[in-house]
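Trainee: Here it is, the structure in full.
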Amino acid sequence: DSMRATRRDFFVLQVGANDGHSDDPIASIVRSRGLRALMVEPVPAMFDLLADFYRDQPNVVCENCAVGHEDGSATLYYVRPDPALPEYVRRIASFSRDVILKQRRAVPNIGAYIDTLQVPTLSLETLLAKHQIDRIDLLQVDTEGFDYEILKMLWATPLRPPIINFESAHLSRSDKLACAEMLKRDGYRYLNVGQFDTLAVRNPDA
């Protein structure tokens, strides 16, 4: 019952919400069911598109920040928009320049288009307190290599969302193994979805 997105109090937290809809696995569910949600996106241009996308959804709140280890600011790498580049790369931003450089297989000169941006950061603990979040039913994370760090921050709280979907493609082998162990210890079963994501579902009796 705790996993059914029909309950009025079902709550979604999305970290790395981007423009809200491009290649987004949960946007249609949030919109069609009018779910309560907090959408977090640090890149101003993407945040403006995100806020506009959810403008007609009274249950959705958008926060313009990155989730980091501490409150303050951090350097984010992003791809400068250019007509010569594939459209999707403008949506890529990461704390790691190397993660963006992985796109060289598709865009050999992408390094020439990488810029930096100072963005505000909130720790997960601060973010949850600011928005008075005491439960998360679905956690969606897509932060281009920082996903495991966010899950570790979550594990420092009492919250264990019944459903977690996160981008695992950019994690190192050791982090993938450690993340899998962390999930298993807390009663999650998980599977890889497509090339990039991992979906973890918690046993309600765990």
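So you can find residues: chains in the structure tokens are A, B, ... in the order shown, residues in each start at 1, and ligands are numbered from 1 in order.
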From the DSSP assignment of the backbone, select every residue of segment 14-193 of chain A that is alpha helix (DSSP H), and format the answer as a PyMOL selection string.

Mentor: chain A and resi 27-33+44-53+97-101+124-130+147-155+173-185

Trainee: Would you output that residue set with N, CA and C atoms, as a short mmCIF file (atom, residue, chain, number, x, y, z; two decimals), in the first residue's frame?

Mentor:
```cif
data_model
loop_
_atom_site.label_atom_id
_atom_site.label_comp_id
_atom_site.auth_asym_id
_atom_site.auth_seq_id
_atom_site.Cartn_x
_atom_site.Cartn_y
_atom_site.Cartn_z
N ALA A 27 7.95 12.35 -14.70
CA ALA A 27 7.16 13.57 -14.94
C ALA A 27 5.69 13.27 -15.23
N SER A 28 5.45 12.28 -16.08
CA SER A 28 4.06 11.99 -16.46
C SER A 28 3.25 11.49 -15.28
N ILE A 29 3.90 10.75 -14.36
CA ILE A 29 3.20 10.24 -13.17
C ILE A 29 2.86 11.39 -12.24
N VAL A 30 3.85 12.26 -12.00
CA VAL A 30 3.62 13.39 -11.11
C VAL A 30 2.49 14.27 -11.62
N ARG A 31 2.50 14.55 -12.92
CA ARG A 31 1.48 15.44 -13.49
C ARG A 31 0.11 14.77 -13.53
N SER A 32 0.05 13.53 -14.02
CA SER A 32 -1.26 12.90 -14.21
C SER A 32 -1.97 12.61 -12.89
N ARG A 33 -1.19 12.39 -11.83
CA ARG A 33 -1.79 12.07 -10.53
C ARG A 33 -1.79 13.26 -9.57
N PRO A 44 20.51 27.40 -13.49
CA PRO A 44 19.43 28.39 -13.63
C PRO A 44 18.59 28.23 -14.90
N ALA A 45 19.22 27.99 -16.04
CA ALA A 45 18.46 27.87 -17.30
C ALA A 45 17.52 26.67 -17.26
N MET A 46 18.02 25.55 -16.70
CA MET A 46 17.18 24.36 -16.59
C MET A 46 16.09 24.58 -15.54
N PHE A 47 16.46 25.26 -14.44
CA PHE A 47 15.47 25.51 -13.39
C PHE A 47 14.30 26.33 -13.90
N ASP A 48 14.58 27.33 -14.73
CA ASP A 48 13.50 28.16 -15.27
C ASP A 48 12.54 27.32 -16.11
N LEU A 49 13.09 26.39 -16.89
CA LEU A 49 12.24 25.50 -17.69
C LEU A 49 11.45 24.55 -16.79
N LEU A 50 12.10 24.07 -15.73
CA LEU A 50 11.46 23.18 -14.77
C LEU A 50 10.28 23.87 -14.09
N ALA A 51 10.53 25.08 -13.59
CA ALA A 51 9.47 25.83 -12.89
C ALA A 51 8.30 26.11 -13.83
N ASP A 52 8.61 26.40 -15.07
CA ASP A 52 7.55 26.66 -16.05
C ASP A 52 6.76 25.39 -16.35
N PHE A 53 7.46 24.26 -16.43
CA PHE A 53 6.80 22.98 -16.73
C PHE A 53 5.79 22.60 -15.65
N ARG A 97 34.05 17.18 -13.96
CA ARG A 97 34.28 17.46 -15.38
C ARG A 97 34.46 16.15 -16.16
N ASP A 98 35.09 15.17 -15.51
CA ASP A 98 35.35 13.88 -16.19
C ASP A 98 34.07 13.17 -16.60
N VAL A 99 33.01 13.34 -15.83
CA VAL A 99 31.74 12.71 -16.19
C VAL A 99 31.22 13.29 -17.51
N ILE A 100 31.34 14.61 -17.66
CA ILE A 100 30.89 15.23 -18.91
C ILE A 100 31.78 14.80 -20.08
N LEU A 101 33.06 14.65 -19.81
CA LEU A 101 33.99 14.25 -20.87
C LEU A 101 33.72 12.84 -21.40
N LEU A 124 21.38 17.54 2.25
CA LEU A 124 20.07 16.90 2.21
C LEU A 124 19.30 17.16 3.50
N GLU A 125 20.00 17.15 4.62
CA GLU A 125 19.36 17.41 5.91
C GLU A 125 18.72 18.80 5.92
N THR A 126 19.44 19.81 5.43
CA THR A 126 18.90 21.17 5.38
C THR A 126 17.71 21.26 4.43
N LEU A 127 17.83 20.62 3.27
CA LEU A 127 16.75 20.64 2.29
C LEU A 127 15.48 20.05 2.88
N LEU A 128 15.60 18.90 3.56
CA LEU A 128 14.43 18.24 4.15
C LEU A 128 13.80 19.12 5.23
N ALA A 129 14.67 19.75 6.05
CA ALA A 129 14.15 20.61 7.12
C ALA A 129 13.46 21.84 6.54
N LYS A 130 14.07 22.45 5.51
CA LYS A 130 13.51 23.65 4.91
C LYS A 130 12.10 23.42 4.40
N ASP A 147 25.22 10.51 -7.37
CA ASP A 147 24.02 9.83 -6.86
C ASP A 147 24.27 9.04 -5.58
N TYR A 148 25.37 8.30 -5.55
CA TYR A 148 25.66 7.50 -4.35
C TYR A 148 25.89 8.40 -3.14
N GLU A 149 26.53 9.57 -3.35
CA GLU A 149 26.74 10.49 -2.24
C GLU A 149 25.41 10.95 -1.65
N ILE A 150 24.44 11.18 -2.52
CA ILE A 150 23.11 11.59 -2.04
C ILE A 150 22.43 10.47 -1.28
N LEU A 151 22.58 9.25 -1.78
CA LEU A 151 21.98 8.11 -1.06
C LEU A 151 22.62 7.95 0.31
N LYS A 152 23.92 8.15 0.41
CA LYS A 152 24.58 8.05 1.72
C LYS A 152 24.06 9.13 2.67
N MET A 153 23.82 10.34 2.14
CA MET A 153 23.23 11.40 2.97
C MET A 153 21.85 10.99 3.46
N LEU A 154 21.08 10.36 2.57
CA LEU A 154 19.75 9.90 2.95
C LEU A 154 19.83 8.86 4.06
N TRP A 155 20.83 7.97 3.96
CA TRP A 155 20.97 6.91 4.96
C TRP A 155 21.37 7.45 6.32
N ARG A 173 33.17 1.14 -9.97
CA ARG A 173 32.79 -0.23 -9.62
C ARG A 173 32.70 -0.41 -8.11
N SER A 174 33.65 0.17 -7.37
CA SER A 174 33.63 0.02 -5.91
C SER A 174 32.41 0.70 -5.30
N ASP A 175 32.03 1.87 -5.83
CA ASP A 175 30.83 2.55 -5.32
C ASP A 175 29.56 1.79 -5.67
N LYS A 176 29.52 1.19 -6.85
CA LYS A 176 28.36 0.38 -7.21
C LYS A 176 28.19 -0.78 -6.24
N LEU A 177 29.29 -1.44 -5.90
CA LEU A 177 29.22 -2.58 -4.97
C LEU A 177 28.82 -2.11 -3.57
N ALA A 178 29.41 -0.99 -3.12
CA ALA A 178 29.07 -0.48 -1.79
C ALA A 178 27.62 -0.03 -1.72
N CYS A 179 27.15 0.59 -2.79
CA CYS A 179 25.75 1.04 -2.85
C CYS A 179 24.81 -0.15 -2.82
N ALA A 180 25.15 -1.20 -3.57
CA ALA A 180 24.32 -2.41 -3.59
C ALA A 180 24.23 -3.03 -2.20
N GLU A 181 25.36 -3.06 -1.50
CA GLU A 181 25.37 -3.62 -0.14
C GLU A 181 24.51 -2.79 0.80
N MET A 182 24.61 -1.47 0.69
CA MET A 182 23.83 -0.57 1.53
C MET A 182 22.34 -0.79 1.31
N LEU A 183 21.94 -0.92 0.07
CA LEU A 183 20.53 -1.16 -0.25
C LEU A 183 20.06 -2.51 0.29
N LYS A 184 20.86 -3.53 0.08
CA LYS A 184 20.47 -4.88 0.53
C LYS A 184 20.31 -4.94 2.03
N ARG A 185 21.22 -4.28 2.75
CA ARG A 185 21.16 -4.31 4.22
C ARG A 185 19.85 -3.74 4.73
#
```

Trainee: Got a sec to tell me which of segment 1-180 of chain A DSSP assigns to strand (DSSP E), as a PyMOL selection string?

Mentor: chain A and resi 11-15+36-40+60-63+66-67+72-79+93-94+114-122+138-141+163-167

Trainee: Could you pull the residues within 8 Å of Thr75 of chain A, counting only C-alpha atoms, minus those fewer than 4 positions along the same chain, as an MDAnalysis selection string?

Mentor: chainID A and resid 95 116:119

Trainee: May I ask for the distance between atom CA of Asp71 of chain A and atom CA of Glu41 of chain A, given in Å to one decimal place?

Mentor: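 Pair atom CA of Asp71 of chain A / atom CA of Glu41 of chain A returns 15.1 Å.
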
Trainee: Hey, could you make a per-residue contact list for segment 93-145 of chain A against segment 159-163 of chain A with 7 Å as the cut-off, showing the nearest pair of atoms and its distance in Å to one decimal, counting only C-alpha atoms, sorted by chain and number, as CSV?

Mentor:
```
residue,atom,partner,partner_atom,distance
A:Arg135,CA,A:Leu159,CA,6.3
A:Ile136,CA,A:Pro161,CA,5.1
A:Asp137,CA,A:Pro161,CA,4.9
A:Leu138,CA,A:Ile163,CA,4.9
A:Leu139,CA,A:Ile163,CA,6.4
```

Trainee: I need the residue nearest Arg80 of chain A from this list: A:Ala93, A:Ile114, A:Val12, A:Val60. Use only C-alpha atoms for the distance.

Mentor: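 Going through A:Ala93, A:Ile114, A:Val12, A:Val60 one by one, the smallest distance to Arg80 of chain A is for A:Ile114.
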
Trainee: Any idea what's packed within 12 Å of Glu144 of chain A, counting only C-alpha atoms, ignoring anything in its chain fewer than 5 positions away? Could you give it as JSON, numbers by chain?

Mentor: {"A": [15, 16, 17, 18, 66, 76, 77, 78, 91, 92, 93, 94, 95, 96, 97, 98, 99, 100, 101, 102, 103, 149, 150, 166, 167, 168, 169, 170, 171, 196, 197]}

Trainee: Could you tell me which of A:Asp142, A:Pro81, A:Asp186, A:Asn192 comes closest to Pro204 of chain A if we count only C-alpha atoms?

Mentor: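 For Pro204 of chain A, the nearest of the candidates is A:Asp186.
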
Trainee: Quote the spacing between atom CA of Leu199 of chain A and atom CA of Gly145 of chain A in Å to one decimal place.

Mentor: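 Value for the atom CA of Leu199 of chain A-atom CA of Gly145 of chain A distance: 16.0 Å.
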
Trainee: Which residue is closest to Leu35 of chain A? Choose from A:Asp134, A:Asp19, A:Phe11, A:Ala74 and count only C-alpha atoms.

Mentor: A:Phe11

Trainee: Atom CA of Pro108 of chain A and atom CA of Ser172 of chain A are how many Å apart?

Mentor: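 Distance reported for this atom pair: 22.5 Å.
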
Trainee: A:Gln57, A:Ser123, A:Asn109, A:Thr157: which is nearest Val79 of chain A, counting only C-alpha atoms?

Mentor: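 Closest residue, counting only C-alpha atoms: A:Asn109.
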